[in-house]
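Below is one structure, written out as structure tokens; comments come after it.
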Amino acid sequence: MTAFSQGATPVTPTRTTGVTAYGLSEEARSLHWLLTDLVEEVPGVRSVAVVSSDGLLLLSSTPDQPGARGAGGAAEGPRGSTADLATIVAGLGSLTSGAAALMDGGPVKQTMVAMAGGGLFVMTISDGSLLGVHTAPDCDMGVVAYHMALFVGRAGHVLTPELRRELRQSVEAAG
């Protein structure tokens with residue numbers, strides 16, 4: 001079953017700051033818009049991935065902005081791939097959830113990893129999905145966390161099983 005057979009309207013692919021929305025439903029296009037807004041509003045964002053609770057990439061972006069490119073002009077992400085970022089986000093989410101359970105800490109809300117070459121932020125979305133953001137080392141962590149919280153607040157109520165399936169199918173079709 002394709003995204004088109006689930007009620008999505010076929011449209012010409014659009015490209016905005018690394019996000020491509022192929023003939024998706026209004027809800028899926030809204031999530032793409034929210035992701036684009038996060039990428040465009042936050043300086044230093046290198047790549048973003050939304051990962052389902054079972055670790056599958058649902059939505060991603062690699063921004064085309066200053067500071068997001070390395071010396072060779074290539075986009076800097078984990079090995080330059082949002083699929084790699086999705087894998088890292090899923091693994092880190094699982095690890096921190098397990099640690100929180102062992103420590104009786106309750107659900108994990110946010111994880112932040114500061115590295116010499118950048119930062120990695122992971123925030124839980126209400127349905128169990130994860131939002132991961134890879135940043136440049138000089139980004140403002142408070143601004144990143146604020147915009148991630150906005151995304152999570154807006155996206156959490158829309159990520160239904162049907163929308164997750166549509167997003168997953170669009171990732172597979174684009175890949």
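In the structure tokens, chains take letters A, B, ... by order of appearance, with residues numbered from 1 within each chain and ligands from 1 in the order shown.
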
task: Give the alpha helix (DSSP H) residues of region 86-132 of chain A, as assigned by DSSP on the backbone, as an NGL selection string.
output: :A and (86-102)

For those residues, write N, CA, C and O atoms to a file as a short mmCIF file (atom, residue, chain, number, x, y, z; two decimals), in the first residue's frame.
data_model
loop_
_atom_site.label_atom_id
_atom_site.label_comp_id
_atom_site.auth_asym_id
_atom_site.auth_seq_id
_atom_site.Cartn_x
_atom_site.Cartn_y
_atom_site.Cartn_z
N ALA A 86 19.71 8.72 12.34
CA ALA A 86 18.53 8.01 12.85
C ALA A 86 18.94 6.80 13.68
O ALA A 86 18.37 6.53 14.73
N THR A 87 19.95 6.07 13.22
CA THR A 87 20.44 4.91 13.95
C THR A 87 21.02 5.32 15.30
O THR A 87 20.74 4.69 16.34
N ILE A 88 21.78 6.39 15.32
CA ILE A 88 22.38 6.89 16.56
C ILE A 88 21.29 7.36 17.52
O ILE A 88 21.33 7.05 18.72
N VAL A 89 20.31 8.09 17.01
CA VAL A 89 19.21 8.60 17.84
C VAL A 89 18.43 7.44 18.45
O VAL A 89 18.13 7.44 19.65
N ALA A 90 18.11 6.42 17.64
CA ALA A 90 17.37 5.26 18.15
C ALA A 90 18.18 4.54 19.23
O ALA A 90 17.63 4.17 20.28
N GLY A 91 19.47 4.35 18.99
CA GLY A 91 20.32 3.67 19.97
C GLY A 91 20.46 4.44 21.26
O GLY A 91 20.36 3.88 22.36
N LEU A 92 20.69 5.75 21.14
CA LEU A 92 20.82 6.59 22.32
C LEU A 92 19.51 6.65 23.10
O LEU A 92 19.51 6.60 24.34
N GLY A 93 18.40 6.72 22.38
CA GLY A 93 17.09 6.72 23.03
C GLY A 93 16.86 5.44 23.82
O GLY A 93 16.39 5.46 24.96
N SER A 94 17.22 4.31 23.23
CA SER A 94 17.07 3.03 23.90
C SER A 94 17.98 2.93 25.12
O SER A 94 17.56 2.49 26.20
N LEU A 95 19.21 3.35 24.97
CA LEU A 95 20.18 3.31 26.07
C LEU A 95 19.73 4.16 27.25
O LEU A 95 19.75 3.72 28.40
N THR A 96 19.32 5.39 26.97
CA THR A 96 18.92 6.28 28.07
C THR A 96 17.61 5.83 28.72
O THR A 96 17.45 5.97 29.92
N SER A 97 16.70 5.25 27.93
CA SER A 97 15.46 4.71 28.51
C SER A 97 15.77 3.54 29.44
O SER A 97 15.19 3.43 30.52
N GLY A 98 16.69 2.68 29.02
CA GLY A 98 17.09 1.56 29.87
C GLY A 98 17.76 2.04 31.15
O GLY A 98 17.50 1.52 32.23
N ALA A 99 18.62 3.04 31.02
CA ALA A 99 19.29 3.60 32.20
C ALA A 99 18.28 4.22 33.15
O ALA A 99 18.36 4.03 34.37
N ALA A 100 17.32 4.95 32.60
CA ALA A 100 16.29 5.59 33.44
C ALA A 100 15.46 4.54 34.17
O ALA A 100 15.11 4.72 35.34
N ALA A 101 15.16 3.45 33.49
CA ALA A 101 14.37 2.38 34.12
C ALA A 101 15.16 1.74 35.27
O ALA A 101 14.60 1.48 36.34
N LEU A 102 16.46 1.50 35.06
CA LEU A 102 17.29 0.91 36.11
C LEU A 102 17.42 1.84 37.31
O LEU A 102 17.59 1.38 38.45
#

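Relative to CA of Ile125 (chain A), CA of Leu150 (chain A) is found at 10.8 Å.
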
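Atom to atom, CA of Pro137 (chain A) and CA of Val48 (chain A) stand 15.3 Å apart.
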
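Each of A:Met103, A:Leu57, A:Val45, A:Ala28 was checked against Ala145 (chain A) using only C-alpha atoms; the smallest atom-to-atom distance is that of A:Val45.
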
task: Name all residues at most 10 Å from Gly117 (chain A) (count only C-alpha atoms; drop same-chain ones fewer than 6 positions away) and give them as a PyMOL selection string.
output: chain A and resi 135-138

Can you write out the residues you just picked, keeping N, CA and C atoms, as a tab-separated table (two decimals), in the first residue's frame?
chain	number	residue	atom	x	y	z
A	135	THR	N	24.26	19.21	15.88
A	135	THR	CA	24.58	20.63	15.75
A	135	THR	C	26.08	20.88	15.66
A	136	ALA	N	26.41	22.08	15.25
A	136	ALA	CA	27.79	22.56	15.26
A	136	ALA	C	28.18	22.81	16.72
A	137	PRO	N	29.48	22.82	17.01
A	137	PRO	CA	29.92	22.98	18.40
A	137	PRO	C	29.58	24.35	19.00
A	138	ASP	N	29.42	25.37	18.18
A	138	ASP	CA	29.17	26.71	18.71
A	138	ASP	C	27.69	27.10	18.73

- request: Determine which residues of region 74-167 of chain A receive a DSSP assignment of strand (DSSP E or B), computed from the backbone, and state them as a ChimeraX atom specification.
  value: /A:75,110-115,118-124,130-135

Include N, CA, C and O atoms and write out the residues we just selected as a PDB file, in the first residue's frame.
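Just written: out.pdb:
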ATOM      1  N   ALA A  75      27.932  18.257   3.425  1.00  0.00           N
ATOM      2  CA  ALA A  75      27.150  18.397   4.645  1.00  0.00           C
ATOM      3  C   ALA A  75      27.781  17.562   5.746  1.00  0.00           C
ATOM      4  O   ALA A  75      28.210  16.445   5.517  1.00  0.00           O
ATOM      5  N   GLN A 110      14.774  14.320  27.606  1.00  0.00           N
ATOM      6  CA  GLN A 110      15.769  14.863  26.689  1.00  0.00           C
ATOM      7  C   GLN A 110      17.152  14.333  27.062  1.00  0.00           C
ATOM      8  O   GLN A 110      17.462  14.145  28.228  1.00  0.00           O
ATOM      9  N   THR A 111      17.954  14.105  26.018  1.00  0.00           N
ATOM     10  CA  THR A 111      19.339  13.693  26.202  1.00  0.00           C
ATOM     11  C   THR A 111      20.204  14.643  25.391  1.00  0.00           C
ATOM     12  O   THR A 111      19.851  14.986  24.262  1.00  0.00           O
ATOM     13  N   MET A 112      21.318  15.050  25.954  1.00  0.00           N
ATOM     14  CA  MET A 112      22.223  15.937  25.232  1.00  0.00           C
ATOM     15  C   MET A 112      23.637  15.406  25.356  1.00  0.00           C
ATOM     16  O   MET A 112      24.070  15.041  26.446  1.00  0.00           O
ATOM     17  N   VAL A 113      24.326  15.320  24.228  1.00  0.00           N
ATOM     18  CA  VAL A 113      25.712  14.870  24.203  1.00  0.00           C
ATOM     19  C   VAL A 113      26.534  16.014  23.630  1.00  0.00           C
ATOM     20  O   VAL A 113      26.309  16.447  22.495  1.00  0.00           O
ATOM     21  N   ALA A 114      27.471  16.527  24.428  1.00  0.00           N
ATOM     22  CA  ALA A 114      28.352  17.601  23.973  1.00  0.00           C
ATOM     23  C   ALA A 114      29.681  16.977  23.557  1.00  0.00           C
ATOM     24  O   ALA A 114      30.300  16.252  24.336  1.00  0.00           O
ATOM     25  N   MET A 115      30.090  17.251  22.325  1.00  0.00           N
ATOM     26  CA  MET A 115      31.338  16.713  21.788  1.00  0.00           C
ATOM     27  C   MET A 115      32.203  17.885  21.339  1.00  0.00           C
ATOM     28  O   MET A 115      31.699  18.981  21.126  1.00  0.00           O
ATOM     29  N   GLY A 118      30.789  19.060  17.994  1.00  0.00           N
ATOM     30  CA  GLY A 118      29.363  19.327  17.811  1.00  0.00           C
ATOM     31  C   GLY A 118      28.543  18.814  18.971  1.00  0.00           C
ATOM     32  O   GLY A 118      29.074  18.393  19.998  1.00  0.00           O
ATOM     33  N   GLY A 119      27.244  18.853  18.788  1.00  0.00           N
ATOM     34  CA  GLY A 119      26.334  18.396  19.825  1.00  0.00           C
ATOM     35  C   GLY A 119      25.290  17.473  19.241  1.00  0.00           C
ATOM     36  O   GLY A 119      25.018  17.494  18.033  1.00  0.00           O
ATOM     37  N   LEU A 120      24.711  16.638  20.082  1.00  0.00           N
ATOM     38  CA  LEU A 120      23.611  15.763  19.692  1.00  0.00           C
ATOM     39  C   LEU A 120      22.537  15.880  20.755  1.00  0.00           C
ATOM     40  O   LEU A 120      22.804  15.695  21.941  1.00  0.00           O
ATOM     41  N   PHE A 121      21.352  16.243  20.330  1.00  0.00           N
ATOM     42  CA  PHE A 121      20.213  16.399  21.219  1.00  0.00           C
ATOM     43  C   PHE A 121      19.155  15.385  20.805  1.00  0.00           C
ATOM     44  O   PHE A 121      18.870  15.241  19.625  1.00  0.00           O
ATOM     45  N   VAL A 122      18.573  14.691  21.782  1.00  0.00           N
ATOM     46  CA  VAL A 122      17.499  13.740  21.513  1.00  0.00           C
ATOM     47  C   VAL A 122      16.364  14.062  22.466  1.00  0.00           C
ATOM     48  O   VAL A 122      16.574  14.186  23.678  1.00  0.00           O
ATOM     49  N   MET A 123      15.165  14.233  21.912  1.00  0.00           N
ATOM     50  CA  MET A 123      13.999  14.546  22.722  1.00  0.00           C
ATOM     51  C   MET A 123      12.882  13.569  22.373  1.00  0.00           C
ATOM     52  O   MET A 123      12.672  13.253  21.201  1.00  0.00           O
ATOM     53  N   THR A 124      12.182  13.100  23.401  1.00  0.00           N
ATOM     54  CA  THR A 124      11.091  12.162  23.212  1.00  0.00           C
ATOM     55  C   THR A 124       9.829  12.893  22.767  1.00  0.00           C
ATOM     56  O   THR A 124       9.490  13.940  23.310  1.00  0.00           O
ATOM     57  N   LEU A 130      11.243   9.738  18.506  1.00  0.00           N
ATOM     58  CA  LEU A 130      12.333  10.579  18.987  1.00  0.00           C
ATOM     59  C   LEU A 130      12.692  11.632  17.948  1.00  0.00           C
ATOM     60  O   LEU A 130      12.682  11.355  16.751  1.00  0.00           O
ATOM     61  N   LEU A 131      13.034  12.810  18.427  1.00  0.00           N
ATOM     62  CA  LEU A 131      13.558  13.879  17.586  1.00  0.00           C
ATOM     63  C   LEU A 131      15.032  14.010  17.915  1.00  0.00           C
ATOM     64  O   LEU A 131      15.401  14.216  19.071  1.00  0.00           O
ATOM     65  N   GLY A 132      15.886  13.870  16.902  1.00  0.00           N
ATOM     66  CA  GLY A 132      17.324  14.002  17.100  1.00  0.00           C
ATOM     67  C   GLY A 132      17.867  15.149  16.285  1.00  0.00           C
ATOM     68  O   GLY A 132      17.508  15.314  15.119  1.00  0.00           O
ATOM     69  N   VAL A 133      18.722  15.962  16.893  1.00  0.00           N
ATOM     70  CA  VAL A 133      19.313  17.111  16.212  1.00  0.00           C
ATOM     71  C   VAL A 133      20.823  17.073  16.419  1.00  0.00           C
ATOM     72  O   VAL A 133      21.300  17.025  17.554  1.00  0.00           O
ATOM     73  N   HIS A 134      21.564  17.106  15.318  1.00  0.00           N
ATOM     74  CA  HIS A 134      23.028  17.168  15.354  1.00  0.00           C
ATOM     75  C   HIS A 134      23.415  18.605  15.042  1.00  0.00           C
ATOM     76  O   HIS A 134      22.940  19.178  14.054  1.00  0.00           O
ATOM     77  N   THR A 135      24.257  19.210  15.880  1.00  0.00           N
ATOM     78  CA  THR A 135      24.582  20.632  15.749  1.00  0.00           C
ATOM     79  C   THR A 135      26.079  20.876  15.657  1.00  0.00           C
ATOM     80  O   THR A 135      26.886  20.018  15.991  1.00  0.00           O
TER      81      THR A 135
END

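Between CA of Asp84 (chain A) and CA of Leu56 (chain A) the separation is 11.2 Å.
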
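The smallest atom-to-atom distance between Gly44 (chain A) and any of A:His32, A:Ser129, A:Met141, A:Ser61, using only C-alpha atoms, is found for A:Met141.
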
field: Minimum-distance residue to Cys139 (chain A), chosen among A:Val152, A:Leu35, A:Val42, A:Ala83 (using only C-alpha atoms)
entry: A:Val42

field: Surrounding residues of Leu31 (chain A) excluding itself and chain neighbours under 6 positions, 9 Å, only C-alpha atoms, as number ranges by chain
entry: A: 59, 151, 154-155, 158-159

The selected residues should be written to file as a compact mmCIF listing (two decimals), in the first residue's frame (atoms: N, CA and C atoms).
# COMPACT_ATOMS: atom_id res chain seq x y z
N LEU A 59 11.37 11.02 9.20
CA LEU A 59 11.50 12.35 8.62
C LEU A 59 12.91 12.83 8.89
N PHE A 151 8.81 21.84 18.41
CA PHE A 151 8.52 20.79 17.43
C PHE A 151 7.78 19.64 18.10
N ARG A 154 4.19 20.45 19.00
CA ARG A 154 3.31 20.57 17.84
C ARG A 154 3.13 19.24 17.12
N ALA A 155 4.17 18.41 17.11
CA ALA A 155 4.13 17.17 16.33
C ALA A 155 3.54 16.00 17.12
N VAL A 158 -0.01 14.75 16.38
CA VAL A 158 -0.32 14.39 14.99
C VAL A 158 0.28 13.05 14.58
N LEU A 159 1.27 12.56 15.29
CA LEU A 159 1.96 11.34 14.87
C LEU A 159 1.13 10.10 15.20

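Comparing the minimum interatomic distances between Glu172 (chain A) and each of A:Leu58, A:Val51, A:Leu38, A:Val108, counting only C-alpha atoms, we find that A:Leu58 sits nearest.
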
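Comparing A:Met148, A:Ala116, A:Val50, A:Leu24 by their smallest distance to Ser170 (chain A), the closest is A:Leu24 (using only C-alpha atoms).
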